[in-house]
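Structure data follow from query-v7.txt (compact mmCIF, C-alpha atoms):
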```txt
# COMPACT_ATOMS: atom_id res chain seq x y z
CA MET Z 1 13.29 37.32 53.91
CA LYS Z 2 16.01 36.13 51.52
CA VAL Z 3 15.93 37.47 47.99
CA PRO Z 4 17.79 35.44 45.35
CA PHE Z 5 19.36 37.28 42.46
CA LEU Z 6 17.42 35.07 40.05
CA ASP Z 7 15.22 31.99 40.45
CA LEU Z 8 15.06 29.77 37.34
CA ARG Z 9 12.99 26.92 38.73
CA PRO Z 10 9.97 26.20 36.52
CA ASP Z 11 7.64 26.24 39.52
CA SER Z 12 8.67 29.83 40.29
CA LEU Z 13 7.49 30.84 36.81
CA GLY Z 14 4.38 28.65 36.75
CA LEU Z 15 5.73 26.67 33.79
CA ALA Z 16 6.24 23.16 35.14
CA SER Z 17 3.27 21.61 33.34
CA GLU Z 18 3.90 23.37 30.01
CA LEU Z 19 7.57 22.43 29.99
CA ASP Z 20 6.82 18.83 30.91
CA ASP Z 21 4.41 18.60 27.99
CA ALA Z 22 6.96 20.13 25.57
CA VAL Z 23 9.76 17.76 26.58
CA ARG Z 24 7.46 14.72 26.47
CA ARG Z 25 6.34 15.74 22.99
CA VAL Z 26 9.92 15.72 21.74
CA VAL Z 27 10.81 12.45 23.44
CA ALA Z 28 7.71 10.77 22.01
CA SER Z 29 8.53 12.02 18.50
CA GLY Z 30 11.91 10.29 18.34
CA ARG Z 31 13.32 13.32 16.46
CA TYR Z 32 15.91 15.16 18.52
CA LEU Z 33 17.93 17.31 16.07
CA LEU Z 34 17.04 19.61 13.16
CA GLY Z 35 13.38 18.66 13.36
CA PRO Z 36 9.94 20.25 13.53
CA GLU Z 37 10.37 21.92 16.93
CA LEU Z 38 13.45 23.79 15.70
CA ARG Z 39 11.75 24.84 12.47
CA ALA Z 40 8.70 26.07 14.38
CA PHE Z 41 10.79 27.98 16.91
CA GLU Z 42 12.88 29.59 14.19
CA ALA Z 43 9.73 30.83 12.44
CA GLU Z 44 8.18 32.07 15.68
CA PHE Z 45 11.29 33.84 16.93
CA ALA Z 46 11.95 35.47 13.55
CA ALA Z 47 8.41 36.85 13.60
CA TYR Z 48 8.81 38.03 17.19
CA CYS Z 49 12.01 39.87 16.25
CA GLU Z 50 10.33 41.42 13.17
CA SER Z 51 12.89 39.67 10.98
CA ALA Z 52 12.61 37.36 7.99
CA HIS Z 53 14.89 34.53 9.09
CA CYS Z 54 16.12 32.85 12.26
CA VAL Z 55 18.78 30.15 12.56
CA GLY Z 56 18.98 28.27 15.85
CA VAL Z 57 22.49 27.44 17.04
CA GLY Z 58 24.21 25.94 20.06
CA SER Z 59 24.92 29.12 22.04
CA GLY Z 60 25.09 32.90 21.85
CA PHE Z 61 28.82 32.56 21.24
CA ASP Z 62 28.11 30.31 18.24
CA ALA Z 63 25.61 32.88 16.98
CA LEU Z 64 28.24 35.62 16.94
CA GLU Z 65 31.13 33.52 15.62
CA LEU Z 66 29.19 31.78 12.85
CA THR Z 67 27.73 35.09 11.70
CA LEU Z 68 31.20 36.57 11.34
CA ARG Z 69 32.44 33.48 9.52
CA ALA Z 70 29.42 33.52 7.21
CA LEU Z 71 30.25 37.13 6.35
CA GLY Z 72 33.79 36.13 5.41
CA ILE Z 73 35.33 37.86 8.42
CA GLY Z 74 38.43 36.17 9.80
CA ALA Z 75 42.23 36.30 9.82
CA GLY Z 76 43.65 39.73 9.00
CA HIS Z 77 40.39 41.51 9.83
CA GLU Z 78 39.25 43.64 12.76
CA VAL Z 79 35.85 43.95 14.41
CA ILE Z 80 34.97 46.93 16.60
CA VAL Z 81 33.51 45.80 19.93
CA PRO Z 82 32.50 47.47 23.19
CA ALA Z 83 35.24 47.66 25.78
CA HIS Z 84 32.63 47.16 28.51
CA THR Z 85 30.90 43.83 27.85
CA PHE Z 86 31.02 40.15 28.71
CA ILE Z 87 34.15 38.52 27.31
CA ALA Z 88 32.12 36.32 24.91
CA THR Z 89 31.70 39.30 22.57
CA TRP Z 90 35.47 39.56 22.19
CA GLY Z 91 35.92 35.79 22.25
CA ALA Z 92 33.62 35.20 19.30
CA VAL Z 93 35.61 37.68 17.22
CA ALA Z 94 38.85 35.93 18.13
CA ALA Z 95 37.33 32.50 17.45
CA ALA Z 96 36.48 33.66 13.92
CA GLY Z 97 40.16 34.58 13.50
CA ALA Z 98 39.72 38.36 13.63
CA VAL Z 99 40.98 40.91 16.17
CA PRO Z 100 38.59 42.68 18.56
CA VAL Z 101 39.14 46.46 18.68
CA PRO Z 102 37.56 47.97 21.79
CA VAL Z 103 35.68 51.26 22.02
CA GLU Z 104 34.73 52.84 25.34
CA PRO Z 105 31.08 53.12 26.47
CA ASP Z 106 29.14 56.33 26.55
CA GLY Z 107 28.57 57.90 29.95
CA TYR Z 108 24.80 57.53 29.74
CA THR Z 109 23.73 53.99 28.83
CA ALA Z 110 27.08 52.15 29.25
CA CYS Z 111 26.66 50.86 25.67
CA ILE Z 112 29.29 51.48 23.00
CA ASP Z 113 29.87 55.19 22.30
CA PRO Z 114 29.12 55.94 18.62
CA ALA Z 115 31.13 59.17 18.83
CA ARG Z 116 34.30 57.10 19.29
CA LEU Z 117 33.72 54.66 16.42
CA ASP Z 118 35.28 56.58 13.53
CA ALA Z 119 38.60 56.77 15.33
CA ALA Z 120 38.65 52.97 15.73
CA VAL Z 121 38.15 52.17 12.03
CA THR Z 122 41.20 51.00 10.06
CA PRO Z 123 41.62 49.47 6.59
CA ARG Z 124 41.27 46.05 8.27
CA THR Z 125 37.90 46.80 9.91
CA ARG Z 126 35.03 44.70 8.59
CA ALA Z 127 32.24 45.05 11.15
CA ILE Z 128 30.93 46.85 14.22
CA MET Z 129 29.46 44.67 16.96
CA PRO Z 130 27.33 46.81 19.32
CA VAL Z 131 26.07 45.09 22.47
CA HIS Z 132 22.63 45.90 23.85
CA LEU Z 133 24.07 45.90 27.32
CA TYR Z 134 21.92 44.92 30.31
CA GLY Z 135 18.93 44.83 27.91
CA HIS Z 136 19.24 48.49 26.85
CA PRO Z 137 19.64 49.02 23.09
CA ALA Z 138 22.78 50.65 21.76
CA ASP Z 139 22.28 53.81 19.67
CA LEU Z 140 21.78 51.94 16.40
CA ASP Z 141 21.13 54.90 14.10
CA ALA Z 142 24.46 56.41 15.05
CA VAL Z 143 26.23 53.04 14.71
CA HIS Z 144 24.70 52.43 11.28
CA GLU Z 145 25.73 55.90 10.10
CA VAL Z 146 29.37 55.11 10.88
CA ALA Z 147 29.02 51.69 9.27
CA ARG Z 148 27.60 53.20 6.07
CA ARG Z 149 30.43 55.71 5.80
CA HIS Z 150 33.03 52.97 6.02
CA GLY Z 151 31.23 50.10 4.28
CA LEU Z 152 31.01 47.91 7.38
CA HIS Z 153 28.61 45.22 8.56
CA VAL Z 154 26.68 45.71 11.80
CA VAL Z 155 26.32 42.53 13.83
CA GLU Z 156 24.28 43.16 16.96
CA ASP Z 157 25.08 41.24 20.12
CA ALA Z 158 21.55 41.01 21.47
CA ALA Z 159 22.29 38.29 24.02
CA GLN Z 160 20.72 40.37 26.81
CA ALA Z 161 17.99 42.11 24.83
CA HIS Z 162 15.22 39.68 23.84
CA GLY Z 163 12.25 41.90 23.02
CA ALA Z 164 14.00 45.26 23.46
CA ARG Z 165 13.00 48.03 21.06
CA TYR Z 166 14.96 50.83 19.41
CA ARG Z 167 12.76 53.64 18.12
CA GLY Z 168 9.78 51.32 18.19
CA ARG Z 169 11.36 48.38 16.34
CA ARG Z 170 12.79 45.21 17.83
CA VAL Z 171 16.56 45.12 18.11
CA GLY Z 172 18.02 43.30 15.13
CA HIS Z 173 15.70 44.97 12.64
CA GLY Z 174 17.85 46.54 9.93
CA ALA Z 175 21.19 45.07 11.02
CA THR Z 176 23.21 42.65 8.95
CA ALA Z 177 22.30 40.18 11.70
CA ALA Z 178 21.58 40.01 15.40
CA ALA Z 179 22.85 37.25 17.69
CA PHE Z 180 20.90 36.02 20.71
CA SER Z 181 21.86 33.79 23.61
CA PHE Z 182 19.39 31.48 25.34
CA TYR Z 183 21.64 30.81 28.33
CA PRO Z 184 19.25 29.87 31.17
CA GLY Z 185 19.57 33.22 32.96
CA LYS Z 186 18.58 35.33 29.92
CA ASN Z 187 15.16 36.94 29.58
CA LEU Z 188 14.40 34.09 27.18
CA GLY Z 189 16.40 31.17 28.49
CA ALA Z 190 16.60 27.48 27.61
CA LEU Z 191 17.15 24.57 29.99
CA GLY Z 192 20.79 24.57 28.90
CA ASP Z 193 22.78 26.40 26.26
CA GLY Z 194 21.29 27.72 23.06
CA GLY Z 195 21.42 30.65 20.69
CA ALA Z 196 20.06 32.06 17.45
CA VAL Z 197 20.80 34.51 14.66
CA VAL Z 198 18.08 36.65 13.11
CA THR Z 199 18.57 38.34 9.75
CA SER Z 200 16.60 39.56 6.76
CA ASP Z 201 19.27 38.25 4.39
CA PRO Z 202 18.28 34.77 3.11
CA GLU Z 203 21.77 34.01 1.78
CA LEU Z 204 23.38 34.85 5.12
CA ALA Z 205 20.83 32.67 6.94
CA ALA Z 206 21.61 29.80 4.57
CA ARG Z 207 25.36 30.12 5.17
CA ILE Z 208 24.91 30.13 8.95
CA SER Z 209 22.66 27.06 8.66
CA LEU Z 210 25.43 25.36 6.71
CA LEU Z 211 28.10 26.24 9.26
CA ARG Z 212 26.09 25.04 12.25
CA ASN Z 213 25.92 21.50 10.84
CA TYR Z 214 29.48 20.47 9.88
CA GLY Z 215 29.27 22.52 6.68
CA SER Z 216 26.56 20.21 5.37
CA ARG Z 217 23.13 20.76 3.82
CA GLU Z 218 22.89 17.14 2.70
CA LYS Z 219 23.93 14.13 4.80
CA TYR Z 220 27.57 13.15 4.19
CA ARG Z 221 28.15 15.98 1.73
CA HIS Z 222 30.26 18.74 3.29
CA GLU Z 223 30.80 22.03 1.47
CA THR Z 224 33.19 23.62 3.97
CA VAL Z 225 35.02 22.86 7.19
CA SER Z 226 32.83 23.60 10.20
CA ARG Z 227 31.50 21.99 13.35
CA ASN Z 228 28.39 21.00 15.27
CA ALA Z 229 26.63 24.11 16.60
CA ARG Z 230 23.00 23.01 16.51
CA LEU Z 231 20.09 23.98 18.74
CA ASP Z 232 18.48 20.68 19.73
CA GLU Z 233 14.78 19.83 19.59
CA ILE Z 234 14.21 19.76 23.36
CA GLN Z 235 15.67 23.25 23.80
CA ALA Z 236 13.65 24.51 20.82
CA ALA Z 237 10.45 23.11 22.33
CA VAL Z 238 11.27 24.69 25.70
CA LEU Z 239 11.97 28.03 24.05
CA ARG Z 240 8.66 27.91 22.18
CA VAL Z 241 6.86 27.61 25.52
CA LYS Z 242 8.85 30.43 27.10
CA LEU Z 243 8.55 32.73 24.09
CA GLY Z 244 4.82 32.86 24.71
CA HIS Z 245 5.50 34.37 28.15
CA LEU Z 246 8.40 36.66 27.25
CA ASP Z 247 6.48 39.93 26.91
CA GLU Z 248 4.72 39.31 30.22
CA TRP Z 249 8.05 38.63 31.94
CA ASN Z 250 9.65 41.70 30.39
CA ALA Z 251 6.73 43.79 31.66
CA LEU Z 252 7.33 42.43 35.17
CA ARG Z 253 11.00 43.38 34.88
CA ALA Z 254 10.02 46.88 33.76
CA ARG Z 255 7.71 47.32 36.76
CA THR Z 256 10.48 46.23 39.13
CA ALA Z 257 12.91 48.64 37.43
CA ASP Z 258 10.40 51.49 37.77
CA ARG Z 259 10.13 50.83 41.49
CA TYR Z 260 13.91 50.72 41.90
CA LEU Z 261 14.32 53.95 39.93
CA THR Z 262 11.64 55.74 41.95
CA GLU Z 263 12.42 54.49 45.44
CA LEU Z 264 16.22 54.46 45.23
CA ALA Z 265 16.49 57.91 43.63
CA GLY Z 266 18.58 60.52 45.40
CA LEU Z 267 20.58 58.17 47.61
CA ASP Z 268 24.12 59.26 48.33
CA ASP Z 269 26.87 57.29 46.58
CA LEU Z 270 24.44 55.39 44.31
CA ALA Z 271 24.16 56.05 40.58
CA LEU Z 272 21.09 54.50 38.96
CA PRO Z 273 20.83 53.33 35.34
CA THR Z 274 19.38 55.71 32.75
CA THR Z 275 17.18 55.04 29.74
CA ALA Z 276 17.57 56.86 26.43
CA GLU Z 277 14.38 58.44 25.08
CA TRP Z 278 14.55 56.24 21.96
CA ALA Z 279 14.91 52.98 23.87
CA GLU Z 280 12.55 50.41 25.37
CA PRO Z 281 14.90 48.26 27.47
CA VAL Z 282 13.97 44.84 28.78
CA TRP Z 283 15.99 45.11 32.00
CA HIS Z 284 17.96 41.90 31.74
CA LEU Z 285 20.02 43.43 34.54
CA PHE Z 286 19.47 46.38 36.85
CA VAL Z 287 22.97 47.75 37.36
CA VAL Z 288 23.79 50.49 39.85
CA ARG Z 289 27.16 52.12 40.43
CA THR Z 290 28.88 52.96 43.68
CA ALA Z 291 32.42 53.83 44.68
CA HIS Z 292 31.95 51.56 47.72
CA ARG Z 293 30.71 48.43 45.99
CA ALA Z 294 32.28 45.85 48.28
CA ARG Z 295 30.74 47.46 51.35
CA LEU Z 296 27.27 47.74 49.80
CA GLN Z 297 27.39 44.18 48.49
CA ARG Z 298 28.46 42.86 51.89
CA ARG Z 299 25.68 44.72 53.70
CA LEU Z 300 23.07 43.51 51.24
CA ALA Z 301 24.28 39.92 51.65
CA GLU Z 302 23.93 40.29 55.42
CA ALA Z 303 20.36 41.46 54.82
CA GLY Z 304 19.64 38.38 52.69
CA VAL Z 305 19.75 40.13 49.32
CA GLU Z 306 21.87 38.41 46.68
CA THR Z 307 23.73 40.61 44.17
CA LEU Z 308 26.24 39.99 41.39
CA VAL Z 309 28.93 41.98 39.57
CA HIS Z 310 28.68 42.22 35.77
CA TYR Z 311 31.64 42.38 35.00
CA PRO Z 312 34.57 42.65 37.42
CA GLU Z 313 37.37 42.12 34.87
CA PRO Z 314 37.33 44.09 31.60
CA PRO Z 315 38.17 41.91 28.58
CA HIS Z 316 41.19 44.03 27.69
CA LEU Z 317 42.76 43.24 31.08
CA SER Z 318 41.88 39.55 30.99
CA PRO Z 319 44.76 37.07 30.58
CA ALA Z 320 42.80 35.70 27.64
CA PHE Z 321 43.60 38.86 25.65
CA ALA Z 322 47.00 39.71 27.09
CA ASP Z 323 48.53 39.27 23.64
CA LEU Z 324 46.69 42.38 22.41
CA GLY Z 325 48.88 44.50 24.69
CA TRP Z 326 46.30 46.63 26.46
CA ALA Z 327 47.72 48.12 29.66
CA PRO Z 328 45.85 49.10 32.82
CA GLY Z 329 44.56 52.65 32.45
CA SER Z 330 44.24 52.43 28.66
CA LEU Z 331 40.41 52.30 28.78
CA PRO Z 332 39.66 54.30 31.91
CA LEU Z 333 35.86 54.52 31.76
CA THR Z 334 35.55 50.77 31.22
CA GLU Z 335 37.95 50.11 34.09
CA ARG Z 336 36.03 52.42 36.38
CA LEU Z 337 32.76 50.68 35.55
CA ALA Z 338 34.35 47.33 36.35
CA GLN Z 339 35.20 48.66 39.81
CA GLU Z 340 31.81 50.25 40.54
CA VAL Z 341 28.96 48.26 38.94
CA LEU Z 342 26.63 46.12 41.05
CA SER Z 343 23.58 44.22 39.80
CA LEU Z 344 20.51 44.11 42.02
CA PRO Z 345 18.03 41.21 41.87
CA MET Z 346 15.99 41.32 38.66
CA GLY Z 347 13.61 38.90 37.02
CA PRO Z 348 10.03 37.66 36.93
CA HIS Z 349 10.64 35.80 40.19
CA LEU Z 350 10.58 39.11 42.08
CA THR Z 351 7.29 39.49 43.92
CA PRO Z 352 6.30 42.94 45.23
CA GLU Z 353 7.34 41.75 48.69
CA ARG Z 354 10.78 40.73 47.50
CA THR Z 355 11.17 44.04 45.70
CA ASP Z 356 10.19 45.84 48.91
CA ARG Z 357 12.92 43.93 50.72
CA VAL Z 358 15.59 44.83 48.18
CA ILE Z 359 14.66 48.51 48.28
CA ALA Z 360 14.60 48.60 52.07
CA ALA Z 361 17.94 46.78 52.29
CA VAL Z 362 19.64 49.16 49.85
CA ARG Z 363 18.32 52.21 51.68
CA GLU Z 364 19.34 50.80 55.06
CA SER Z 365 22.77 49.86 53.74
CA LEU Z 366 23.35 53.42 52.52
CA GLY Z 367 22.05 54.96 55.71
CA ALA Z 368 18.79 56.32 54.29
CA SER Z 369 15.71 56.54 56.42
```

The structure in this file should be written as structure tokens.
Amino acid sequence: MKVPFLDLRPDSLGLASELDDAVRRVVASGRYLLGPELRAFEAEFAAYCESAHCVGVGSGFDALELTLRALGIGAGHEVIVPAHTFIATWGAVAAAGAVPVPVEPDGYTACIDPARLDAAVTPRTRAIMPVHLYGHPADLDAVHEVARRHGLHVVEDAAQAHGARYRGRRVGHGATAAAFSFYPGKNLGALGDGGAVVTSDPELAARISLLRNYGSREKYRHETVSRNARLDEIQAAVLRVKLGHLDEWNALRARTADRYLTELAGLDDLALPTTAEWAEPVWHLFVVRTAHRARLQRRLAEAGVETLVHYPEPPHLSPAFADLGWAPGSLPLTERLAQEVLSLPMGPHLTPERTDRVIAAVRESLGAS
């Protein structure tokens, strides 16, 4: 039996008919941008996130960058970011004109370590951008405490955390804003790129809405220089369908994670992910660690189990950020994670039989009976 890392085909999720109906509805309407499907999705997703406002945009990157720009963050400013994250977190800061300042992860959740934040703050710091990595919330109370002391915004990168809860509330509740990605592989994914910002600040929502549409609220009247970063009607309609299934899919992910955690516990040379007592993760990824990643990944591939590495190159060592001057060894925990992390198959496509196969293949690969 072959087990794909993720299967996004509508038939595998039982959504073919619903998605066909949603797309046909948009095509028949003749309204393809900034129309009723987008307005409905924005209202529905804001309510789901326990927030007052949602602004649909073109991608998760757009969501982060436009939020920073709407907050007046740009050239001459710094934004504190996790050292261990996908490069888009850093890239959005740079695209806004600011400088990303990395902070190492904690040794427990792999999210940004709040104990290291104070040391990273300078007179140029304007915001902290915690990432809810792999679908596990960052320690938001601790992040907000640092932000309050220094008068900083908190912009959550929730690209992997649709539906996750921190102390019983959805991520994004209480932050300046939270940015989501609807890249197809996310827990809530479109049939292409898409993103959104949720916030309880109506003025911030209005500014982001302005920036996503060439700086215009009214056709041919442009208040500022900006670009096209709109979420189109077809993607909004697709997301409305999928949002209705999100909690069910997240529950399936949680059941798979529980099985992995139970049946892979105690294996030599395999560190399993941990969950903080205040967190309800949504298991966007199930990431293990091993000092012999290449060997384990090769053996799993031979057994028909597809795995991925998130992320093999830390942003501070990427050529894209060479100008910041970070040298190898400067962020040792992040660099070690980049060498050891391995993502096992995770998603609503995993049947119990497929999960059995993954567990058996991991145990066999590590020599367990």

Closest pair table for segment 102-201 of chain Z residues within 6 Å of segment 73-90 of chain Z, all atoms listed in the file, as JSON lines:
```
{"residue": "Z:Pro102", "atom": "CA", "partner": "Z:Ala83", "partner_atom": "CA", "distance": 4.6}
{"residue": "Z:Val103", "atom": "CA", "partner": "Z:Pro82", "partner_atom": "CA", "distance": 5.1}
{"residue": "Z:Glu104", "atom": "CA", "partner": "Z:Ala83", "partner_atom": "CA", "distance": 5.2}
{"residue": "Z:Ile112", "atom": "CA", "partner": "Z:Pro82", "partner_atom": "CA", "distance": 5.1}
{"residue": "Z:Arg124", "atom": "CA", "partner": "Z:His77", "partner_atom": "CA", "distance": 4.9}
{"residue": "Z:Thr125", "atom": "CA", "partner": "Z:Glu78", "partner_atom": "CA", "distance": 4.5}
{"residue": "Z:Arg126", "atom": "CA", "partner": "Z:Val79", "partner_atom": "CA", "distance": 5.9}
{"residue": "Z:Ala127", "atom": "CA", "partner": "Z:Val79", "partner_atom": "CA", "distance": 5.0}
{"residue": "Z:Ile128", "atom": "CA", "partner": "Z:Ile80", "partner_atom": "CA", "distance": 4.7}
{"residue": "Z:Met129", "atom": "CA", "partner": "Z:Val81", "partner_atom": "CA", "distance": 5.1}
```

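Take the candidates Z:Ala179, Z:Ala206, Z:Leu308, Z:Ala360 and check each one against Pro4 of chain Z using all atoms listed in the file; the shortest distance goes to Z:Leu308.
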
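Closest to Pro273 of chain Z among Z:Leu333, Z:Ala175, Z:Val93, Z:Leu285 is Z:Leu285, based on only C-alpha atoms.
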
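Nearest residue to Leu366 of chain Z among Z:Ala322, Z:Val282, Z:Leu267, Z:Leu317 is Z:Leu267, counting only C-alpha atoms.
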
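Closest approach to Leu66 of chain Z from the set Z:Ile208, Z:Ala94, Z:Leu133, Z:Leu140 is made by Z:Ile208, with distances taken over only C-alpha atoms.
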
Identify which of the residues Z:Gly151, Z:Pro10, Z:Gly304, Z:Pro36 lies closest to Ala237 of chain Z, counting only C-alpha atoms when measuring atom-to-atom distances.
Z:Pro36

Do you have the atom CA of Arg354 of chain Z-atom CA of Thr290 of chain Z distance handy?
22.2 Å

All residues 12 Å or closer to Glu302 of chain Z, only C-alpha atoms, same chain fewer than 5 positions away omitted, as a count of residues only:
12

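Atom to atom, atom CA of Ala110 of chain Z and atom CA of Leu64 of chain Z stand 20.6 Å apart.
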
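For the choices Z:Ile359, Z:Leu243, Z:Ala196, Z:Ala115, the atom-to-atom distance to Leu300 of chain Z is smallest for Z:Ile359 when using all atoms listed in the file.
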
As JSON, what would the box around segment 328-337 of chain Z look like: edges along x, y and z, 3 Å added on every side, centre and edge lengths in Å to one decimal?
```
{"center_x": 39.3, "center_y": 51.8, "center_z": 32.5, "size_x": 19.1, "size_y": 11.4, "size_z": 13.7}
```

Near Tyr48 of chain Z, counting all atoms listed in the file, which residues have an atom at most 9 Å away, once you skip same-chain residues fewer than 4 positions from it, shown as a PyMOL selection string?
chain Z and resi 43-44+163+170+243

Residues within 10 Å of segment 186-192 of chain Z, please, as a ChimeraX atom specification. Count only C-alpha atoms; anything in the same chain fewer than 3 positions from it doesn't count.
/Z:8-10,19,58-59,135,159-163,180-183,195,234-247,249-250,253,282-285,347-348

Same residues, C-alpha atoms, output as a PDB file, in the frame of the given file:
```
ATOM      1  CA  LEU Z   8      15.060  29.770  37.340  1.00  0.00           C
ATOM      2  CA  ARG Z   9      12.990  26.920  38.730  1.00  0.00           C
ATOM      3  CA  PRO Z  10       9.970  26.200  36.520  1.00  0.00           C
ATOM      4  CA  LEU Z  19       7.570  22.430  29.990  1.00  0.00           C
ATOM      5  CA  GLY Z  58      24.210  25.940  20.060  1.00  0.00           C
ATOM      6  CA  SER Z  59      24.920  29.120  22.040  1.00  0.00           C
ATOM      7  CA  GLY Z 135      18.930  44.830  27.910  1.00  0.00           C
ATOM      8  CA  ALA Z 159      22.290  38.290  24.020  1.00  0.00           C
ATOM      9  CA  GLN Z 160      20.720  40.370  26.810  1.00  0.00           C
ATOM     10  CA  ALA Z 161      17.990  42.110  24.830  1.00  0.00           C
ATOM     11  CA  HIS Z 162      15.220  39.680  23.840  1.00  0.00           C
ATOM     12  CA  GLY Z 163      12.250  41.900  23.020  1.00  0.00           C
ATOM     13  CA  PHE Z 180      20.900  36.020  20.710  1.00  0.00           C
ATOM     14  CA  SER Z 181      21.860  33.790  23.610  1.00  0.00           C
ATOM     15  CA  PHE Z 182      19.390  31.480  25.340  1.00  0.00           C
ATOM     16  CA  TYR Z 183      21.640  30.810  28.330  1.00  0.00           C
ATOM     17  CA  GLY Z 195      21.420  30.650  20.690  1.00  0.00           C
ATOM     18  CA  ILE Z 234      14.210  19.760  23.360  1.00  0.00           C
ATOM     19  CA  GLN Z 235      15.670  23.250  23.800  1.00  0.00           C
ATOM     20  CA  ALA Z 236      13.650  24.510  20.820  1.00  0.00           C
ATOM     21  CA  ALA Z 237      10.450  23.110  22.330  1.00  0.00           C
ATOM     22  CA  VAL Z 238      11.270  24.690  25.700  1.00  0.00           C
ATOM     23  CA  LEU Z 239      11.970  28.030  24.050  1.00  0.00           C
ATOM     24  CA  ARG Z 240       8.660  27.910  22.180  1.00  0.00           C
ATOM     25  CA  VAL Z 241       6.860  27.610  25.520  1.00  0.00           C
ATOM     26  CA  LYS Z 242       8.850  30.430  27.100  1.00  0.00           C
ATOM     27  CA  LEU Z 243       8.550  32.730  24.090  1.00  0.00           C
ATOM     28  CA  GLY Z 244       4.820  32.860  24.710  1.00  0.00           C
ATOM     29  CA  HIS Z 245       5.500  34.370  28.150  1.00  0.00           C
ATOM     30  CA  LEU Z 246       8.400  36.660  27.250  1.00  0.00           C
ATOM     31  CA  ASP Z 247       6.480  39.930  26.910  1.00  0.00           C
ATOM     32  CA  TRP Z 249       8.050  38.630  31.940  1.00  0.00           C
ATOM     33  CA  ASN Z 250       9.650  41.700  30.390  1.00  0.00           C
ATOM     34  CA  ARG Z 253      11.000  43.380  34.880  1.00  0.00           C
ATOM     35  CA  VAL Z 282      13.970  44.840  28.780  1.00  0.00           C
ATOM     36  CA  TRP Z 283      15.990  45.110  32.000  1.00  0.00           C
ATOM     37  CA  HIS Z 284      17.960  41.900  31.740  1.00  0.00           C
ATOM     38  CA  LEU Z 285      20.020  43.430  34.540  1.00  0.00           C
ATOM     39  CA  GLY Z 347      13.610  38.900  37.020  1.00  0.00           C
ATOM     40  CA  PRO Z 348      10.030  37.660  36.930  1.00  0.00           C
TER      41      PRO Z 348
END
```

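Distance-wise, atom CA of Pro314 of chain Z and atom CA of Leu337 of chain Z end up 8.9 Å apart.
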
Counting only C-alpha atoms, find residues at most 10 Å from (17.1, 45.6, 37.9) (file frame) and give them as a PyMOL selection string.
chain Z and resi 5+134+253-261+272-273+282-288+343-347+355

Deliver the residues from the most recent selection as a file, using C-alpha atoms, as a short mmCIF file (atom, residue, chain, number, x, y, z; two decimals), in the coordinates of the input.
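Output file part-v5.cif follows:
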```cif
data_model
loop_
_atom_site.label_atom_id
_atom_site.label_comp_id
_atom_site.auth_asym_id
_atom_site.auth_seq_id
_atom_site.Cartn_x
_atom_site.Cartn_y
_atom_site.Cartn_z
CA PHE Z 5 19.36 37.28 42.46
CA TYR Z 134 21.92 44.92 30.31
CA ARG Z 253 11.00 43.38 34.88
CA ALA Z 254 10.02 46.88 33.76
CA ARG Z 255 7.71 47.32 36.76
CA THR Z 256 10.48 46.23 39.13
CA ALA Z 257 12.91 48.64 37.43
CA ASP Z 258 10.40 51.49 37.77
CA ARG Z 259 10.13 50.83 41.49
CA TYR Z 260 13.91 50.72 41.90
CA LEU Z 261 14.32 53.95 39.93
CA LEU Z 272 21.09 54.50 38.96
CA PRO Z 273 20.83 53.33 35.34
CA VAL Z 282 13.97 44.84 28.78
CA TRP Z 283 15.99 45.11 32.00
CA HIS Z 284 17.96 41.90 31.74
CA LEU Z 285 20.02 43.43 34.54
CA PHE Z 286 19.47 46.38 36.85
CA VAL Z 287 22.97 47.75 37.36
CA VAL Z 288 23.79 50.49 39.85
CA SER Z 343 23.58 44.22 39.80
CA LEU Z 344 20.51 44.11 42.02
CA PRO Z 345 18.03 41.21 41.87
CA MET Z 346 15.99 41.32 38.66
CA GLY Z 347 13.61 38.90 37.02
CA THR Z 355 11.17 44.04 45.70
#
```

List every protein, DNA or RNA residue that has at least one atom no more than 12 Å from (12.4, 40.2, 10.8) in the file's coordinates, counting only C-alpha atoms, and write the result as a compact mmCIF listing (two decimals) with C-alpha atoms, keeping the file's coordinate frame.
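Generated output (selection15.txt):
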```
# COMPACT_ATOMS: atom_id res chain seq x y z
CA GLU Z 42 12.88 29.59 14.19
CA ALA Z 43 9.73 30.83 12.44
CA GLU Z 44 8.18 32.07 15.68
CA PHE Z 45 11.29 33.84 16.93
CA ALA Z 46 11.95 35.47 13.55
CA ALA Z 47 8.41 36.85 13.60
CA TYR Z 48 8.81 38.03 17.19
CA CYS Z 49 12.01 39.87 16.25
CA GLU Z 50 10.33 41.42 13.17
CA SER Z 51 12.89 39.67 10.98
CA ALA Z 52 12.61 37.36 7.99
CA HIS Z 53 14.89 34.53 9.09
CA CYS Z 54 16.12 32.85 12.26
CA ARG Z 169 11.36 48.38 16.34
CA ARG Z 170 12.79 45.21 17.83
CA VAL Z 171 16.56 45.12 18.11
CA GLY Z 172 18.02 43.30 15.13
CA HIS Z 173 15.70 44.97 12.64
CA GLY Z 174 17.85 46.54 9.93
CA ALA Z 175 21.19 45.07 11.02
CA THR Z 176 23.21 42.65 8.95
CA ALA Z 177 22.30 40.18 11.70
CA ALA Z 178 21.58 40.01 15.40
CA VAL Z 197 20.80 34.51 14.66
CA VAL Z 198 18.08 36.65 13.11
CA THR Z 199 18.57 38.34 9.75
CA SER Z 200 16.60 39.56 6.76
CA ASP Z 201 19.27 38.25 4.39
CA PRO Z 202 18.28 34.77 3.11
CA ALA Z 205 20.83 32.67 6.94
```
